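Colleague: To start, I am sharing the structure in question, which I have written as C-alpha cells.
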Amino acid sequence: MDIQQFLLDLRAHGLANTIPNISDENARFLKDMIHIGGVKNLLEIGTANGYSTIHLCMALRENGGKMTSIDYSLPSYNEAVENIKQTGMDDIATLIFGNALIELPKLPKESFDMIFIDGQKKRTIDFFELSYPLLKSGGFFIIDDVIKFSEKMSSFYEFLAEKKIAHSILQIDADDGVMLIVKR
Ligand SMILES: C[S@@+](CC[C@H](N)C(=O)[O-])C[C@H]1O[C@@H](n2cnc3c(N)ncnc32)[C@H](O)[C@@H]1O
C-alpha cells in the first residue's frame, strides 16, 4: 500500500466532495506536534472520511501510540472505517460513531496526551469543556480553523477570556490556523 498516493487520492476525493480535510501544512504540523510531544494517546473530534486520522496514525505509529476518533455522520464514519482498514491503520485508530457531545463523557478521564478538535465550529466550546477532563496534565489541545471561523467560535473565545485560559494562535497556512492550549 502506497499511503502517500492513497492520501493524495483521498484528498482529491475530499476536494471534489467538499469535505473540509486538513491542509498539507496542517497535517505536517500535527505530525510534528505528535513527535515533539511524544504523544502516545490521541483523541480526534471530527473524523470525516479519515484523511486527518490517517496522517495522525502515521506519526503515532512511529511513537508506538494509538488514537480514538469520533464522528456522528454515518456515511463519513463508514468511509473512514474503510479508509483506515485499507491503509492498515486499524491497529492504531479506534473509530467511534456517535455525537461527541454524548460520547466524550464515556471516555476515560486523564487518558489522552493530545486532543485535536475539528468538529462543528460553533460547538467548539462544548467539545473543549467535555474533553478537558480527558486530557492528562501537561497534555495539549490543538483546535482547528480558529482564524477563519472565529465568529462561529465566539462563545469559545469569550470562555477563554473569561476563564483566563492561556492560548496561542498559530497561522498554519494561507487559509487558516490552529489554537494550542496546554493543560497545566
Ligand atoms: C471539518 S470535518 C473533519 C475533517 C477531518 N478532521 C479531516 O481533516 O479529514 C468535521 C467533521 O466533524 C463531524 N462532527 C461535527 N460535529 C460533531 C459532533 N457533535 N459529534 C461528532 N462528529 C461531529 C462532522 O460530521 C464532520 O465529519
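Identifiers for the C-alpha cells are assigned positionally: chains receive A, B, ... in sequence, residues are indexed from 1 per chain, and ligands are indexed from 1 in the order shown.
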Tell me, as a PyMOL selection string, which residues lie within 8 Å of range 18-20 of chain A, counting only C-alpha atoms; anything in the same chain fewer than 4 positions away does not count.
Modeller: chain A and resi 14+48-49
Colleague: Just the selected residues (C-alpha atoms), exported as a short mmCIF file (atom, residue, chain, number, x, y, z; two decimals), in the first residue's frame, please.
Modeller:
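Okay, this is what ended up in out.cif:
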```cif
data_model
loop_
_atom_site.label_atom_id
_atom_site.label_comp_id
_atom_site.auth_asym_id
_atom_site.auth_seq_id
_atom_site.Cartn_x
_atom_site.Cartn_y
_atom_site.Cartn_z
CA GLY A 14 -12.43 15.26 -0.47
CA ALA A 48 -14.85 12.88 8.35
CA ASN A 49 -13.50 10.41 5.77
#
```
Colleague: Within 7 Å of ligand 1, counting only C-alpha atoms and all ligand atoms: which residues, as a compact mmCIF listing (two decimals) with N, CA and C atoms, in the first residue's frame?
Modeller:
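Wrote part_30.txt, looks like this:
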```
# COMPACT_ATOMS: atom_id res chain seq x y z
N ILE A 19 -15.40 17.99 1.25
CA ILE A 19 -15.10 17.50 2.60
C ILE A 19 -13.94 18.36 3.12
N PRO A 20 -14.14 19.06 4.25
CA PRO A 20 -13.10 20.00 4.70
C PRO A 20 -11.93 19.31 5.42
N ASN A 21 -11.13 18.57 4.64
CA ASN A 21 -9.96 17.90 5.22
C ASN A 21 -8.89 18.93 5.58
N ILE A 22 -8.04 18.57 6.52
CA ILE A 22 -6.93 19.44 6.90
C ILE A 22 -5.99 19.63 5.70
N ILE A 45 -11.74 14.79 17.46
CA ILE A 45 -13.18 15.03 17.36
C ILE A 45 -13.45 15.54 15.95
N GLY A 46 -14.09 14.72 15.12
CA GLY A 46 -14.34 15.05 13.70
C GLY A 46 -13.44 14.24 12.78
N THR A 47 -13.88 13.00 12.49
CA THR A 47 -13.08 12.09 11.65
C THR A 47 -13.24 12.40 10.17
N ALA A 48 -14.45 12.78 9.78
CA ALA A 48 -14.85 12.88 8.35
C ALA A 48 -14.52 11.56 7.64
N ASN A 49 -13.81 11.64 6.51
CA ASN A 49 -13.50 10.41 5.77
C ASN A 49 -12.20 9.74 6.25
N GLY A 50 -11.62 10.26 7.33
CA GLY A 50 -10.43 9.64 7.90
C GLY A 50 -9.12 10.19 7.36
N TYR A 51 -9.21 11.27 6.57
CA TYR A 51 -7.98 11.82 5.98
C TYR A 51 -7.00 12.27 7.06
N SER A 52 -7.48 13.11 7.99
CA SER A 52 -6.58 13.57 9.06
C SER A 52 -6.18 12.39 9.95
N THR A 53 -7.13 11.49 10.18
CA THR A 53 -6.87 10.34 11.06
C THR A 53 -5.68 9.51 10.54
N ILE A 70 -13.88 10.41 16.67
CA ILE A 70 -15.35 10.37 16.77
C ILE A 70 -15.98 11.14 15.61
N ASP A 71 -17.04 10.58 15.03
CA ASP A 71 -17.85 11.33 14.05
C ASP A 71 -19.29 10.85 14.13
N TYR A 72 -20.23 11.81 13.92
CA TYR A 72 -21.65 11.44 14.01
C TYR A 72 -22.33 11.31 12.67
N SER A 73 -21.55 11.43 11.60
CA SER A 73 -22.14 11.23 10.27
C SER A 73 -21.88 9.77 9.87
N SER A 76 -19.81 9.28 6.67
CA SER A 76 -18.39 9.62 6.93
C SER A 76 -17.72 8.53 7.74
N GLY A 98 -20.82 8.37 16.62
CA GLY A 98 -21.73 8.96 17.61
C GLY A 98 -21.49 10.45 17.75
N ASN A 99 -22.40 11.08 18.47
CA ASN A 99 -22.28 12.51 18.73
C ASN A 99 -21.25 12.71 19.84
N ALA A 100 -20.22 13.50 19.55
CA ALA A 100 -19.16 13.72 20.53
C ALA A 100 -19.72 14.26 21.85
N LEU A 101 -20.80 15.02 21.77
CA LEU A 101 -21.38 15.60 22.98
C LEU A 101 -21.89 14.50 23.92
N ASP A 118 -11.82 19.17 15.74
CA ASP A 118 -12.12 19.59 14.36
C ASP A 118 -13.55 19.20 14.01
N GLY A 119 -14.48 19.49 14.92
CA GLY A 119 -15.89 19.17 14.68
C GLY A 119 -16.64 20.44 14.28
N GLN A 120 -17.94 20.45 14.57
CA GLN A 120 -18.76 21.62 14.22
C GLN A 120 -18.24 22.83 14.99
```
Colleague: Could you tell me, as JSON, numbers by chain, which residues of chain A DSSP assigns to strand (DSSP E) when given the backbone?
Modeller: {"A": [41, 42, 43, 44, 45, 66, 67, 68, 69, 70, 71, 93, 94, 95, 96, 97, 112, 113, 114, 115, 116, 117, 135, 136, 137, 138, 139, 140, 141, 142, 143, 144, 168, 169, 170, 171, 177, 178, 179, 180, 181, 182]}
Colleague: Here is a test: counting only C-alpha atoms, which residue of A:Glu151, A:Ser69, A:Phe116, A:Ile143 is nearest to Glu103 in chain A?
Modeller: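 Residue with the minimum atom-to-atom distance to Glu103 in chain A: A:Ser69.
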Colleague: Skipping near chain neighbours, those fewer than 6 positions away, what residues fall within 8 Å of Ile169 in chain A using only C-alpha atoms, listed as a ChimeraX atom specification?
Modeller: /A:146,177-180
Colleague: Given the choices A:Asn83, A:Ser111, A:Ser154, A:Lys31, which gets closest to Asp9 in chain A if the distance is worked out from only C-alpha atoms?
Modeller: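 Distance minimum relative to Asp9 in chain A lands on A:Asn83.
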Colleague: Just the residues within 9 Å of range 55-61 of chain A, please, counting only C-alpha atoms, with nothing from its chain fewer than 2 positions along; format it as a list in words.
Modeller: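 So the residues in contact are Leu7, Ala27, Arg28, Leu30, Lys31, Asp32, Ile34, His35, Gly38, Val39, Lys40, Asn41, Leu42, Gly50, Tyr51, Ser52, Thr53, Asn63, Gly64, Gly65, Lys66, Met67, Met89, Ile92 and Ala93 of chain A.
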Colleague: Include N, CA and C atoms and write out the residues we just selected as a compact mmCIF listing (two decimals), in the first residue's frame.
Modeller:
```
# COMPACT_ATOMS: atom_id res chain seq x y z
N LEU A 7 -3.39 8.94 0.19
CA LEU A 7 -3.78 10.22 0.77
C LEU A 7 -4.02 11.28 -0.31
N ALA A 27 -1.37 19.01 8.29
CA ALA A 27 -1.01 17.59 8.51
C ALA A 27 0.44 17.51 9.01
N ARG A 28 1.31 18.28 8.39
CA ARG A 28 2.72 18.27 8.80
C ARG A 28 2.86 18.81 10.23
N LEU A 30 0.60 18.86 12.67
CA LEU A 30 0.05 17.90 13.66
C LEU A 30 1.02 16.75 13.88
N LYS A 31 1.65 16.28 12.79
CA LYS A 31 2.62 15.19 12.94
C LYS A 31 3.83 15.67 13.74
N ASP A 32 4.26 16.90 13.48
CA ASP A 32 5.38 17.46 14.26
C ASP A 32 5.03 17.51 15.74
N ILE A 34 2.95 15.62 17.36
CA ILE A 34 2.93 14.25 17.90
C ILE A 34 4.36 13.81 18.21
N HIS A 35 5.27 14.13 17.31
CA HIS A 35 6.68 13.74 17.53
C HIS A 35 7.30 14.52 18.68
N GLY A 38 5.88 13.54 21.98
CA GLY A 38 5.95 12.11 22.32
C GLY A 38 4.56 11.54 22.59
N VAL A 39 3.60 11.98 21.77
CA VAL A 39 2.20 11.62 22.01
C VAL A 39 1.97 10.12 21.81
N LYS A 40 1.30 9.53 22.80
CA LYS A 40 1.02 8.08 22.78
C LYS A 40 -0.47 7.79 22.69
N ASN A 41 -1.28 8.74 23.10
CA ASN A 41 -2.72 8.50 23.10
C ASN A 41 -3.44 9.79 22.70
N LEU A 42 -4.03 9.75 21.52
CA LEU A 42 -4.60 10.96 20.92
C LEU A 42 -6.10 10.79 20.72
N GLY A 50 -11.62 10.26 7.33
CA GLY A 50 -10.43 9.64 7.90
C GLY A 50 -9.12 10.19 7.36
N TYR A 51 -9.21 11.27 6.57
CA TYR A 51 -7.98 11.82 5.98
C TYR A 51 -7.00 12.27 7.06
N SER A 52 -7.48 13.11 7.99
CA SER A 52 -6.58 13.57 9.06
C SER A 52 -6.18 12.39 9.95
N THR A 53 -7.13 11.49 10.18
CA THR A 53 -6.87 10.34 11.06
C THR A 53 -5.68 9.51 10.54
N ASN A 63 5.65 6.55 17.13
CA ASN A 63 5.74 6.74 18.59
C ASN A 63 5.26 5.53 19.36
N GLY A 64 4.74 4.53 18.66
CA GLY A 64 4.10 3.40 19.34
C GLY A 64 2.81 3.84 20.01
N GLY A 65 2.14 4.82 19.41
CA GLY A 65 0.93 5.37 20.02
C GLY A 65 -0.34 4.86 19.36
N LYS A 66 -1.49 5.34 19.90
CA LYS A 66 -2.78 4.97 19.33
C LYS A 66 -3.73 6.16 19.43
N MET A 67 -4.89 6.02 18.83
CA MET A 67 -5.83 7.14 18.85
C MET A 67 -7.27 6.68 18.78
N MET A 89 -4.25 1.02 9.20
CA MET A 89 -4.13 1.79 10.45
C MET A 89 -5.16 1.34 11.49
N ILE A 92 -4.19 1.04 15.06
CA ILE A 92 -3.84 2.27 15.79
C ILE A 92 -5.09 3.09 16.10
N ALA A 93 -5.99 3.19 15.12
CA ALA A 93 -7.16 4.06 15.29
C ALA A 93 -8.41 3.27 15.67
```
Colleague: Quick one: residues within 9 Å of Tyr132 in chain A, only C-alpha atoms counted, chain neighbours fewer than 6 positions away excluded, as a PyMOL selection string?
Modeller: chain A and resi 109-110+115+141+183
Colleague: Generate the output file for the selected residues, N, CA and C atoms, as a PDB file, in the first residue's frame.
Modeller:
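Heads up, here's the output in part_22.pdb:
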```pdb
ATOM      1  N   LYS A 109     -11.082   9.315  31.920  1.00  0.00           N
ATOM      2  CA  LYS A 109     -10.521  10.607  32.351  1.00  0.00           C
ATOM      3  C   LYS A 109      -8.989  10.572  32.316  1.00  0.00           C
ATOM      4  N   GLU A 110      -8.403  11.730  32.037  1.00  0.00           N
ATOM      5  CA  GLU A 110      -6.939  11.930  32.048  1.00  0.00           C
ATOM      6  C   GLU A 110      -6.197  10.815  31.317  1.00  0.00           C
ATOM      7  N   ILE A 115      -5.373  16.272  22.187  1.00  0.00           N
ATOM      8  CA  ILE A 115      -6.756  16.250  21.697  1.00  0.00           C
ATOM      9  C   ILE A 115      -6.859  17.228  20.532  1.00  0.00           C
ATOM     10  N   PHE A 141      -4.228  20.624  23.695  1.00  0.00           N
ATOM     11  CA  PHE A 141      -5.282  20.664  22.672  1.00  0.00           C
ATOM     12  C   PHE A 141      -4.727  21.360  21.434  1.00  0.00           C
ATOM     13  N   LYS A 183      -2.642  21.951  28.999  1.00  0.00           N
ATOM     14  CA  LYS A 183      -3.303  21.768  30.306  1.00  0.00           C
ATOM     15  C   LYS A 183      -2.228  21.753  31.391  1.00  0.00           C
TER      16      LYS A 183
END
```
Colleague: Nearest residue to Leu43 in chain A out of A:Ser150, A:Asn17, A:Thr94, A:Thr68, using only C-alpha atoms?
Modeller: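 Answer, going by the shortest atom-to-atom distance: A:Thr68.
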Colleague: Ranking A:Tyr157, A:Phe97, A:Phe128, A:Phe140 by minimum distance to Pro75 in chain A and counting only C-alpha atoms, which one comes first?
Modeller: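 Closest to Pro75 in chain A of all the choices is A:Phe97.
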